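Data block for final-v4.pdb (PDB, C-alpha atoms):
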```pdb
ATOM      1  CA  MET A  30      89.079  63.750  80.738
ATOM      2  CA  SER A  31      90.437  65.956  83.504
ATOM      3  CA  THR A  32      93.088  68.598  82.701
ATOM      4  CA  SER A  33      94.537  68.609  86.175
ATOM      5  CA  GLY A  34      96.856  65.755  85.346
ATOM      6  CA  THR A  35      98.514  67.432  82.378
ATOM      7  CA  PRO A  36     101.733  69.200  83.174
ATOM      8  CA  ARG A  37     101.848  72.949  82.697
ATOM      9  CA  ALA A  38     104.725  74.791  81.239
ATOM     10  CA  ALA A  39     106.504  77.327  83.356
ATOM     11  CA  GLY A  40     104.758  80.657  83.124
ATOM     12  CA  GLN A  41     101.647  79.264  81.358
ATOM     13  CA  ARG A  42      98.338  80.408  82.761
ATOM     14  CA  PRO A  43      95.502  77.890  83.133
ATOM     15  CA  THR A  44      92.686  78.002  80.634
ATOM     16  CA  GLY A  45      89.998  79.422  82.869
ATOM     17  CA  SER A  46      92.044  82.135  84.572
ATOM     18  CA  LYS A  47      91.278  85.767  83.998
ATOM     19  CA  PRO A  48      93.666  88.087  82.252
ATOM     20  CA  ALA A  49      95.583  90.584  84.294
ATOM     21  CA  GLN A  50      93.622  93.671  85.202
ATOM     22  CA  GLY A  51      94.437  96.870  83.403
ATOM     23  CA  SER A  52      95.587  95.198  80.179
ATOM     24  CA  GLY A  53      93.522  96.083  77.145
ATOM     25  CA  ARG A  54      95.149  93.586  74.782
ATOM     26  CA  GLY A  55      93.824  90.413  76.361
ATOM     27  CA  THR A  56      95.785  87.270  75.802
ATOM     28  CA  GLN A  57      98.090  88.751  73.143
ATOM     29  CA  GLN A  58     100.173  90.626  75.726
ATOM     30  CA  ARG A  59     102.930  88.461  77.169
ATOM     31  CA  THR A  60     103.165  88.700  80.896
ATOM     32  CA  PRO A  61     106.654  88.607  82.387
ATOM     33  CA  ALA A  62     107.650  85.581  84.356
ATOM     34  CA  PRO A  63     107.731  85.905  88.130
ATOM     35  CA  PRO A  64     111.117  86.864  89.546
ATOM     36  CA  ALA A  65     111.435  83.523  91.301
ATOM     37  CA  GLN A  66     111.267  81.625  87.996
ATOM     38  CA  ARG A  67     113.920  83.675  86.150
ATOM     39  CA  PRO A  68     117.380  82.146  86.213
ATOM     40  CA  ALA A  69     119.819  84.345  88.095
ATOM     41  CA  GLN A  70     122.421  85.880  85.819
ATOM     42  CA  ARG A  71     125.972  85.743  86.998
ATOM     43  CA  PRO A  72     128.861  87.819  85.759
ATOM     44  CA  GLN A  73     131.403  85.917  83.744
ATOM     45  CA  ASN A  74     134.206  86.426  86.245
ATOM     46  CA  ALA A  75     132.073  85.713  89.344
ATOM     47  CA  ARG A  76     133.143  82.895  91.643
ATOM     48  CA  PRO A  77     130.659  80.282  92.881
ATOM     49  CA  ALA A  78     129.277  80.756  96.353
ATOM     50  CA  GLY A  79     131.520  79.538  99.126
ATOM     51  CA  GLN A  80     134.660  79.587  96.975
ATOM     52  CA  GLY A  81     137.469  81.904  98.029
ATOM     53  CA  GLN A  82     135.875  82.935 101.319
ATOM     54  CA  GLY A  83     137.786  80.692 103.683
ATOM     55  CA  ARG A  84     141.227  80.979 102.044
ATOM     56  CA  PRO A  85     143.213  84.017 100.889
ATOM     57  CA  ALA A  86     143.728  84.810  97.244
ATOM     58  CA  GLN A  87     146.674  83.060  95.684
ATOM     59  CA  ARG A  88     149.574  85.345  94.818
ATOM     60  CA  PRO A  89     152.263  84.644  92.258
ATOM     61  CA  ALA A  90     155.342  83.040  93.719
ATOM     62  CA  GLN A  91     158.035  85.579  94.584
ATOM     63  CA  ARG A  92     161.661  84.995  93.760
ATOM     64  CA  PRO A  93     163.862  84.338  96.808
ATOM     65  CA  ALA A  94     166.266  87.163  97.571
ATOM     66  CA  GLN A  95     169.775  86.356  96.418
ATOM     67  CA  PRO A  96     172.262  86.526  99.296
ATOM     68  CA  GLY A  97     175.119  88.954  98.924
ATOM     69  CA  LEU A  98     173.297  91.407  96.678
ATOM     70  CA  VAL A  99     172.477  94.626  98.517
ATOM     71  CA  ARG A 100     170.744  97.490  96.831
ATOM     72  CA  PRO A 101     172.775 100.697  97.308
ATOM     73  CA  ALA A 102     171.084 103.419  99.270
ATOM     74  CA  PRO A 103     170.133 106.493  97.259
ATOM     75  CA  LYS A 104     172.580 109.310  97.616
ATOM     76  CA  ALA A 105     171.131 112.148  99.636
ATOM     77  CA  LYS A 106     171.211 115.608  98.189
ATOM     78  CA  VAL A 107     173.916 117.791  99.714
ATOM     79  CA  ARG A 108     172.423 120.705 101.561
ATOM     80  CA  LYS A 109     174.242 124.004 101.755
ATOM     81  CA  ALA A 110     173.700 126.937 104.064
ATOM     82  CA  ARG A 111     175.426 130.273 103.709
ATOM     83  CA  LEU A 112     175.973 132.062 107.019
ATOM     84  CA  LEU A 113     177.496 135.398 107.895
ATOM     85  CA  VAL A 114     179.712 135.893 110.955
ATOM     86  CA  SER A 115     178.696 139.416 111.885
ATOM     87  CA  LYS A 116     179.825 139.590 115.534
ATOM     88  CA  ILE A 117     182.260 137.822 117.872
ATOM     89  CA  ASP A 118     181.894 137.888 121.633
ATOM     90  CA  PRO A 119     185.170 139.298 123.063
ATOM     91  CA  TRP A 120     184.656 137.548 126.429
ATOM     92  CA  SER A 121     184.422 134.092 124.820
ATOM     93  CA  VAL A 122     187.491 134.877 122.714
ATOM     94  CA  LEU A 123     189.359 135.934 125.884
ATOM     95  CA  LYS A 124     188.569 132.653 127.653
ATOM     96  CA  MET A 125     189.483 130.481 124.707
ATOM     97  CA  ALA A 126     192.694 132.371 124.010
ATOM     98  CA  PHE A 127     193.745 132.141 127.676
ATOM     99  CA  LEU A 128     193.215 128.384 127.833
ATOM    100  CA  LEU A 129     194.993 127.757 124.543
ATOM    101  CA  SER A 130     197.945 129.966 125.493
ATOM    102  CA  VAL A 131     198.292 128.192 128.858
ATOM    103  CA  ALA A 132     198.348 124.855 127.049
ATOM    104  CA  LEU A 133     200.942 126.207 124.641
ATOM    105  CA  GLY A 134     203.065 127.455 127.583
ATOM    106  CA  ILE A 135     203.014 124.037 129.243
ATOM    107  CA  VAL A 136     204.072 122.423 125.969
ATOM    108  CA  THR A 137     206.918 124.951 125.678
ATOM    109  CA  VAL A 138     208.308 124.230 129.152
ATOM    110  CA  VAL A 139     208.027 120.454 128.810
ATOM    111  CA  GLY A 140     209.542 120.530 125.334
ATOM    112  CA  ALA A 141     212.539 122.579 126.498
ATOM    113  CA  VAL A 142     213.246 120.209 129.403
ATOM    114  CA  VAL A 143     212.909 117.103 127.222
ATOM    115  CA  LEU A 144     215.172 118.612 124.566
ATOM    116  CA  TRP A 145     217.925 119.413 127.106
ATOM    117  CA  THR A 146     217.679 115.901 128.559
ATOM    118  CA  VAL A 147     217.958 114.253 125.135
ATOM    119  CA  MET A 148     220.994 116.373 124.227
ATOM    120  CA  ASP A 149     222.676 115.443 127.494
ATOM    121  CA  LEU A 150     221.980 111.706 127.100
ATOM    122  CA  THR A 151     223.153 111.536 123.495
ATOM    123  CA  GLY A 152     226.515 113.185 124.339
ATOM    124  CA  ILE A 153     226.038 116.351 122.316
ATOM    125  CA  PHE A 154     227.187 118.525 125.217
ATOM    126  CA  ASP A 155     230.404 116.471 125.536
ATOM    127  CA  GLN A 156     231.186 116.896 121.866
ATOM    128  CA  VAL A 157     230.618 120.658 122.131
ATOM    129  CA  ASN A 158     232.912 120.791 125.165
ATOM    130  CA  ASP A 159     235.669 118.957 123.260
ATOM    131  CA  LEU A 160     235.291 121.314 120.329
ATOM    132  CA  LEU A 161     235.557 124.361 122.598
ATOM    133  CA  ALA A 162     238.631 122.900 124.296
ATOM    134  CA  GLN A 163     240.354 122.452 120.937
ATOM    135  CA  VAL A 164     239.471 125.947 119.790
ATOM    136  CA  LEU A 165     240.252 127.851 122.981
ATOM    137  CA  GLY A 166     243.103 125.651 124.130
ATOM    138  CA  SER A 167     244.514 126.229 127.552
ATOM    139  CA  GLU A 168     243.057 129.716 127.665
ATOM    140  CA  GLY A 169     239.529 128.358 127.877
ATOM    141  CA  GLY A 170     240.178 126.507 131.102
ATOM    142  CA  ASN A 171     237.666 123.901 132.172
ATOM    143  CA  PHE A 172     234.664 125.608 130.606
ATOM    144  CA  THR A 173     231.655 123.375 129.885
ATOM    145  CA  VAL A 174     228.327 124.012 128.238
ATOM    146  CA  GLN A 175     226.446 122.560 131.221
ATOM    147  CA  GLN A 176     227.724 125.437 133.384
ATOM    148  CA  LEU A 177     226.289 127.990 130.952
ATOM    149  CA  VAL A 178     223.089 126.182 130.041
ATOM    150  CA  SER A 179     221.999 124.027 132.950
ATOM    151  CA  LEU A 180     218.685 122.208 133.278
ATOM    152  CA  GLY A 181     217.355 124.672 135.857
ATOM    153  CA  GLN A 182     218.238 127.647 133.701
ATOM    154  CA  VAL A 183     216.541 126.091 130.679
ATOM    155  CA  ALA A 184     213.356 125.338 132.677
ATOM    156  CA  SER A 185     213.198 128.839 134.183
ATOM    157  CA  PHE A 186     213.827 130.504 130.837
ATOM    158  CA  ALA A 187     211.090 128.401 129.171
ATOM    159  CA  THR A 188     208.662 129.257 132.002
ATOM    160  CA  ILE A 189     209.272 132.998 131.542
ATOM    161  CA  ILE A 190     208.646 132.684 127.817
ATOM    162  CA  ALA A 191     205.434 130.702 128.453
ATOM    163  CA  VAL A 192     204.045 133.345 130.857
ATOM    164  CA  VAL A 193     204.813 136.143 128.413
ATOM    165  CA  ASN A 194     203.109 134.193 125.650
ATOM    166  CA  VAL A 195     199.996 133.682 127.776
ATOM    167  CA  VAL A 196     199.635 137.409 128.405
ATOM    168  CA  LEU A 197     200.409 138.480 124.860
ATOM    169  CA  LEU A 198     198.236 135.899 123.107
ATOM    170  CA  THR A 199     195.249 136.561 125.383
ATOM    171  CA  ALA A 200     195.443 140.331 124.933
ATOM    172  CA  LEU A 201     195.997 140.146 121.193
ATOM    173  CA  SER A 202     193.111 137.718 120.720
ATOM    174  CA  MET A 203     190.641 139.922 122.561
ATOM    175  CA  LEU A 204     191.904 142.982 120.690
ATOM    176  CA  GLY A 205     191.435 141.139 117.401
ATOM    177  CA  ALA A 206     187.833 140.266 118.348
ATOM    178  CA  VAL A 207     187.053 143.920 119.111
ATOM    179  CA  LEU A 208     188.597 145.055 115.833
ATOM    180  CA  TYR A 209     186.610 142.430 113.932
ATOM    181  CA  ASN A 210     183.340 143.618 115.457
ATOM    182  CA  ILE A 211     184.134 147.189 114.459
ATOM    183  CA  SER A 212     185.033 146.230 110.896
ATOM    184  CA  SER A 213     182.040 143.906 110.492
ATOM    185  CA  THR A 214     179.680 146.825 111.046
ATOM    186  CA  LEU A 215     181.196 148.414 107.925
ATOM    187  CA  VAL A 216     181.578 145.462 105.545
ATOM    188  CA  GLY A 217     179.088 142.965 107.013
ATOM    189  CA  GLY A 218     181.428 140.270 108.308
ATOM    190  CA  ILE A 219     182.851 137.040 106.894
ATOM    191  CA  GLY A 220     180.592 134.721 104.853
ATOM    192  CA  VAL A 221     180.722 131.007 105.631
ATOM    193  CA  THR A 222     179.124 128.204 103.576
ATOM    194  CA  LEU A 223     178.213 125.056 105.520
ATOM    195  CA  THR A 224     177.375 121.681 103.947
ATOM    196  CA  ASP A 225     176.323 118.310 105.390
ATOM    197  CA  ASP A 226     178.595 116.329 103.059
TER     198      ASP A 226
END
```
Show how you would write the structure in this file as structure tokens.
Amino acid sequence: MSTSGTPRAAGQRPTGSKPAQGSGRGTQQRTPAPPAQRPAQRPQNARPAGQGQGRPAQRPAQRPAQPGLVRPAPKAKVRKARLLVSKIDPWSVLKMAFLLSVALGIVTVVGAVVLWTVMDLTGIFDQVNDLLAQVLGSEGGNFTVQQLVSLGQVASFATIIAVVNVVLLTALSMLGAVLYNISSTLVGGIGVTLTDD
């Protein structure tokens, strides 16, 4: 009866085949199965082929942001810088003092004119004239305050004061800058601390 029809188990050598060369134990040594016949071992967490390649990994559902709730921004740390004013430029002080004194002079003249106009419109001058007439009587004659302090006199007097202030403030400011520079060489100047708060 022919043995070709009997099925052979996987990895079983036929009866008439020779043992593998180089083995001294004959048929007692078990030959390993060919790599093609071993079942491929998969890791436990491995996915089957073709799964997860065409679609992204599923993420847990995120909670929708609640309207009206805004997270406060973190408070920045306040930075401080300590500086020392060691020198002042007298020329820059002269220019600034001149401009500020001119502005102050204009305000003085305008304020004096507006004040005289308001006193005239409210009747203060008339009340003063009546008071002087009662005090002086007939000896005072027809003396009025407007004759002594007229609008032109007030404007001219305020202009003279404004010009004097411009000269004095400019000169004193520049002199103060020079004196500060001299004193800062001795004591080091004025310390200033700056913050970005």
Out of A:Leu160, A:Val196, A:Val138, A:Leu150, which residue has the shortest atom-to-atom distance to A:Gly181 when counting all atoms listed in the file? A:Val138
Closest to A:Val216 among A:Arg100, A:Ala105, A:Thr173, A:Lys116, using all atoms listed in the file?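 Checking each of A:Arg100, A:Ala105, A:Thr173, A:Lys116 against A:Val216, counting all atoms listed in the file, the winner is A:Lys116.
Using all atoms listed in the file, the nearest neighbour of A:Gln156 within the list A:Val174, A:Ala187, A:Ala206, A:Val139 is A:Val174.
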Quick one: residues within 12 Å of A:Thr137, all atoms listed in the file, excluding same-chain residues fewer than 4 positions away - as a list in words?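 Near neighbours after the sequence-gap exclusion: Ser130, Val131, Ala132, Leu133, Ala141, Val142, Val143, Leu144, Val183, Ala184, Ser185, Phe186, Ala187, Thr188, Ile189, Ile190, Ala191, Val192, Val193, Asn194 and Val195 of chain A.
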Answer key for the PyMOL selection byres ((chain A and resi 115) around 6), residues as a count of residues only: 5
For A:Gln175: contacts at 12 Å, all atoms listed in the file, fewer than 6 positions along chain excluded, given as a PyMOL selection string: chain A and resi 145-146+148-149+152-158+181-183
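For the set A:Met203, A:Leu223, A:Ile211, A:Leu198, the residue with the smallest atom-to-atom gap to A:Leu129 is A:Leu198, counting all atoms listed in the file.
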For A:Ile117, list every protein, DNA or RNA residue within 9 Å, evaluated using all atoms listed in the file, and leave out those in the same chain fewer than 6 positions away; present the list as number ranges by chain. A: 206-207, 209-210
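What separates atom CA of A:Val122 from atom CA of A:Leu201 is a distance of 10.1 Å.
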What is the atom CA of A:Asn171 to atom CA of A:Thr151 distance in Å?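 So the answer is 20.9 Å.
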For A:Ile219, which residue out of A:Leu177, A:Val147, A:Leu112, A:Leu128 is the nearest one, using all atoms listed in the file?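 Using all atoms listed in the file, the shortest distance to A:Ile219 belongs to A:Leu112.
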Using only C-alpha atoms, which residues sit within 12 Å of A:Ala110 once same-chain residues fewer than 2 positions away are excluded, as a list in words?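 Selected residues are Val107, Arg108, Leu112, Leu113, Gly220, Val221, Thr222, Leu223, Thr224, Asp225 and Asp226 of chain A.
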